[in-house]
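Student: Pasting a structure here, questions to come.
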Amino acid sequence: MSTGRAWWRRVPPWAVDTGLVALAALDAWINLLGEGTPVMWACAAAGSAGLILRRRLPLAVFLLTLPMTLFMDVAVAPIAALYTLAASTRNRPLLAGCALLNATAATLLWPLSDAFDGDRTWTLVQFVYTLATAFAPVLFGQLVQARHDVARRLVEVREAREHERALYAQTVLARERAQLAREMHDVVSHQVSLIAVQAGALQMAAKDPQAREAARTIRTLSANTLDELRHMVTLLRASGGRTTELTPQPTLADLRQLVANSGIETTLTGELPADISTTAQRTVYRTVQEALTNVRKHAPGARADVRLWHDADHFGVTVTNTAPTRPTVPLPSARHGLIGLKERAELLDGTLTAEPTPEGGYTIELRAPARPV
């Protein structure tokens with residue numbers, strides 16, 4: 001069936017219409033042969049030739065077939081005209097009226113005075129029969145129209161699904177870009193800022209001019225790297241939102257190594273339950289990492305205290321640093337660290353607070369439910 005439908009679709013519309021005109025003319029010629037008058041031949045010619053315009057003017061073409069239906073017992077032209085009209089309009093009363101007109105014209109005899117002579121019961125039966133015959137192409141045309149509507153709806157559904165998949169892919173990409181921005185800030189800036197701080201300290205402590213120049217160069221390159229990283233993070237975060245985590249990620253087991261490599265005099269006390277989720281462990285790690293990075297950048301010479309704690313309802317980490325003892329080393333900042341930490345805390349249904357201490361230091365505390373949703 002699919003092969004036949006494909007073949008039929010390759011036939012040009014003008015060829016189909018020309019074939020209908022030829023069939024209608026042949027049908028009329030058979031009925032009028034030997035007994036047609038010039039008026040009948042004219043009506044037959046107009047009704048048959050009008051089928052060439054059935055796609056553009058379906059109602060007018062149907063009306064042209066009524067006179068030939070009245071004069072002779074034809075089928076091709078009126079059926080083709082009714083089908084075309086039914087396939088092109090949604091006006092059900094109009095279609096019912098046209099079917100009724102066609103049945104009336106086919107039932108009446110010419111001259112009209114002969115239509116009411118004889119058995120009227122047979123006339124009524126013939127009218128019902130011709131009415132049913134007229135409704136057949138109407139129903140078929142409506143069925144074809146409904147099929148076209150369903151086909152269009154299916155195309156729209158496919159396009160909507162493709163559009164939805166494209167939007168979902170863009171959303172996933174935006175989330176991954178935002179996550180990448182956060183990871184770059186948490187990881188790369190942590191290491192580069194440590195290099196810059198150590199280079200600054202070496203520049204001030206070194207007595208050899210070449211060593212000071214090398215330290216200055218390292219510090220300058222680190223600062224430029226942080227500045228470029230800031231622009232890249234801004235670009236990546238521009239289209240992102242709240243994200244899922246990427247793997248692999250650090251856990252609580254890596255905290256001691258982080259503190260040992262921080263370059264800051266830091267004490268790590270307390271512990272957390274062993275059954276907290278991997279997401280919670282990564283959030284605690286990133287909070288400590290960002291806090292120590294801020295100490296190095298904004299409080300040179302300060303000491304830090306990292307305290308892990310938990311009770312029956314909550315767990316968290318508190319990072320407190322003392323006041324700086326040396327001038328602050330100017331370094332570029334992405335200004336997204338605390339924002340990222342707050343987003344991570346919200347994912348745990350928790351909170352993050354950051355505030356100065358009376359002694360001139362700073363405190364960052366993460367608090368989350370013991371059983372985060």
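In the structure tokens, chains take letters A, B, ... by order of appearance, with residues numbered from 1 within each chain and ligands from 1 in the order shown.
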Leaving out A:Val74 and any residue of its chain fewer than 5 positions from it, which residues lie within 12 Å of it when counting only C-alpha atoms, given as a list in words?
Tutor: Leu23, Ala24, Ala25, Leu26, Asp27, Ala28, Trp29, Ile30, Asn31, Leu32, Cys43, Ala44, Gly47, Ser48, Thr65, Leu66, Pro67, Met68, Thr69, Ile79, Ala80, Asn102, Ala103, Ala105, Ala106, Thr107 and Thr130 of chain A
Student: Please return, as an NGL selection string, all residues of stretch 258-345 of chain A that DSSP assigns to alpha helix (DSSP H) on the basis of the backbone.
Tutor: :A and (258-260 or 278-298 or 337-345)
Student: Applying 12 Å and only C-alpha atoms, which residues near stretch 261-270 of chain A remain after dropping the ones on its own chain fewer than 3 positions away? List them as a ChimeraX atom specification.
Tutor: /A:190-199,201,252,254-258,273,288-297,299-311,315-322,324
Student: List the neighbours of A:Leu53 out to 12 Å using only C-alpha atoms; skip same-chain residues closer than 3 positions along the sequence, and give me the result as a short mmCIF file (atom, residue, chain, number, x, y, z; two decimals) with N, CA and C atoms, in the first residue's frame.
Tutor:
data_model
loop_
_atom_site.label_atom_id
_atom_site.label_comp_id
_atom_site.auth_asym_id
_atom_site.auth_seq_id
_atom_site.Cartn_x
_atom_site.Cartn_y
_atom_site.Cartn_z
N PRO A 13 -1.13 17.03 -10.05
CA PRO A 13 -2.57 17.33 -9.89
C PRO A 13 -3.28 17.61 -11.21
N TRP A 14 -2.58 18.31 -12.12
CA TRP A 14 -3.25 18.64 -13.39
C TRP A 14 -3.59 17.38 -14.18
N VAL A 16 -4.44 14.45 -12.85
CA VAL A 16 -5.62 13.89 -12.21
C VAL A 16 -6.87 14.64 -12.64
N ASP A 17 -6.80 15.97 -12.63
CA ASP A 17 -7.97 16.77 -13.01
C ASP A 17 -8.34 16.55 -14.48
N THR A 18 -7.35 16.45 -15.33
CA THR A 18 -7.62 16.20 -16.75
C THR A 18 -8.30 14.85 -16.95
N LEU A 20 -10.21 13.33 -14.75
CA LEU A 20 -11.59 13.45 -14.28
C LEU A 20 -12.47 14.13 -15.32
N VAL A 21 -11.93 15.16 -15.96
CA VAL A 21 -12.70 15.85 -17.01
C VAL A 21 -13.05 14.87 -18.14
N ALA A 46 -20.22 22.20 -19.63
CA ALA A 46 -19.84 23.11 -18.55
C ALA A 46 -19.52 22.35 -17.27
N GLY A 47 -20.37 21.35 -16.94
CA GLY A 47 -20.12 20.58 -15.72
C GLY A 47 -18.87 19.75 -15.78
N SER A 48 -18.60 19.17 -16.94
CA SER A 48 -17.41 18.33 -17.09
C SER A 48 -16.14 19.18 -17.12
N ALA A 49 -16.13 20.24 -17.91
CA ALA A 49 -14.93 21.08 -18.02
C ALA A 49 -14.64 21.83 -16.73
N GLY A 50 -15.68 22.10 -15.94
CA GLY A 50 -15.47 22.83 -14.70
C GLY A 50 -14.62 22.06 -13.69
N ARG A 56 -9.57 25.02 -6.96
CA ARG A 56 -9.59 26.45 -6.65
C ARG A 56 -10.98 26.94 -6.29
N LEU A 57 -12.00 26.45 -7.01
CA LEU A 57 -13.38 26.91 -6.80
C LEU A 57 -14.28 25.70 -6.60
N PRO A 58 -14.16 25.00 -5.49
CA PRO A 58 -14.94 23.75 -5.32
C PRO A 58 -16.45 23.97 -5.28
N LEU A 59 -16.92 25.03 -4.62
CA LEU A 59 -18.36 25.25 -4.53
C LEU A 59 -18.94 25.63 -5.89
N ALA A 60 -18.25 26.51 -6.63
CA ALA A 60 -18.73 26.92 -7.95
C ALA A 60 -18.77 25.73 -8.91
N VAL A 61 -17.77 24.87 -8.84
CA VAL A 61 -17.74 23.70 -9.71
C VAL A 61 -18.89 22.76 -9.37
N PHE A 62 -19.18 22.59 -8.08
CA PHE A 62 -20.32 21.74 -7.72
C PHE A 62 -21.63 22.29 -8.28
N LEU A 64 -22.01 24.01 -10.91
CA LEU A 64 -22.03 23.76 -12.36
C LEU A 64 -22.50 22.35 -12.70
N ALA A 80 -17.23 13.76 -7.98
CA ALA A 80 -15.92 14.40 -7.87
C ALA A 80 -16.05 15.80 -7.27
N ALA A 81 -17.10 16.53 -7.67
CA ALA A 81 -17.30 17.88 -7.14
C ALA A 81 -17.63 17.84 -5.65
N THR A 84 -14.41 16.94 -3.60
CA THR A 84 -13.48 18.07 -3.53
C THR A 84 -13.98 19.12 -2.55
N LEU A 85 -15.29 19.40 -2.59
CA LEU A 85 -15.85 20.39 -1.67
C LEU A 85 -15.72 19.91 -0.22
#
Student: So which one's closest to A:Asp149, A:Asp208, A:Leu348, A:Ala87, A:Leu338? Using only C-alpha atoms, please.
Tutor: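 Using only C-alpha atoms, the shortest distance to A:Asp149 belongs to A:Ala87.
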Student: Neighbouring residues of A:Arg219 were defined as those with any atom within 7 Å, considering only C-alpha atoms; residues of the same chain fewer than 3 positions away were excluded. Please report them as a CSV table (one decimal) with all heavy atoms, in the first residue's frame.
Tutor:
chain,number,residue,atom,x,y,z
A,196,ALA,N,51.0,32.8,43.8
A,196,ALA,CA,51.2,34.2,43.8
A,196,ALA,C,51.6,34.7,45.2
A,196,ALA,O,52.5,35.5,45.3
A,196,ALA,CB,49.9,34.9,43.3
A,199,ALA,N,55.1,33.6,45.9
A,199,ALA,CA,56.1,34.4,45.1
A,199,ALA,C,56.2,35.8,45.7
A,199,ALA,O,57.3,36.4,45.7
A,199,ALA,CB,55.6,34.5,43.7
A,200,GLY,N,55.1,36.4,46.2
A,200,GLY,CA,55.2,37.7,46.8
A,200,GLY,C,56.0,37.7,48.1
A,200,GLY,O,56.8,38.6,48.4
A,215,ALA,N,61.0,36.0,41.5
A,215,ALA,CA,59.8,35.9,42.3
A,215,ALA,C,58.8,37.0,41.8
A,215,ALA,O,57.6,36.7,41.7
A,215,ALA,CB,60.1,36.2,43.7
A,216,ARG,N,59.3,38.2,41.4
A,216,ARG,CA,58.4,39.2,40.9
A,216,ARG,C,57.7,38.7,39.6
A,216,ARG,O,56.5,38.9,39.4
A,216,ARG,CB,59.1,40.5,40.6
A,216,ARG,CG,58.2,41.7,40.3
A,216,ARG,CD,59.0,42.8,39.8
A,216,ARG,NE,59.6,42.5,38.5
A,216,ARG,CZ,59.0,42.5,37.3
A,216,ARG,NH1,57.7,42.9,37.3
A,216,ARG,NH2,59.6,42.2,36.2
A,222,SER,N,51.3,34.9,37.8
A,222,SER,CA,50.2,34.4,38.6
A,222,SER,C,49.0,35.3,38.6
A,222,SER,O,47.8,34.9,38.4
A,222,SER,CB,50.6,34.0,40.0
A,222,SER,OG,51.7,33.1,39.9
A,223,ALA,N,49.3,36.6,38.8
A,223,ALA,CA,48.2,37.6,38.9
A,223,ALA,C,47.5,37.7,37.5
A,223,ALA,O,46.3,37.8,37.4
A,223,ALA,CB,48.8,39.0,39.3
Student: To one decimal in Å, tell me the separation between atom CA of A:Asp349 and atom CA of A:Arg367.
Tutor: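 These atoms are spaced 9.1 Å apart.
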Student: Which residue, A:Thr351, A:Thr89, A:Thr225, A:Thr363, has the smallest gap to A:Val188 when you use only C-alpha atoms?
Tutor: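 Of A:Thr351, A:Thr89, A:Thr225, A:Thr363, the one nearest A:Val188 is A:Thr225, counting only C-alpha atoms.
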Student: When you count only C-alpha atoms, which of these residues is closest to A:Leu347: A:His314, A:Thr279, A:Thr287, A:Glu213?
Tutor: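 Counting only C-alpha atoms, the residue closest to A:Leu347 is A:Thr279.
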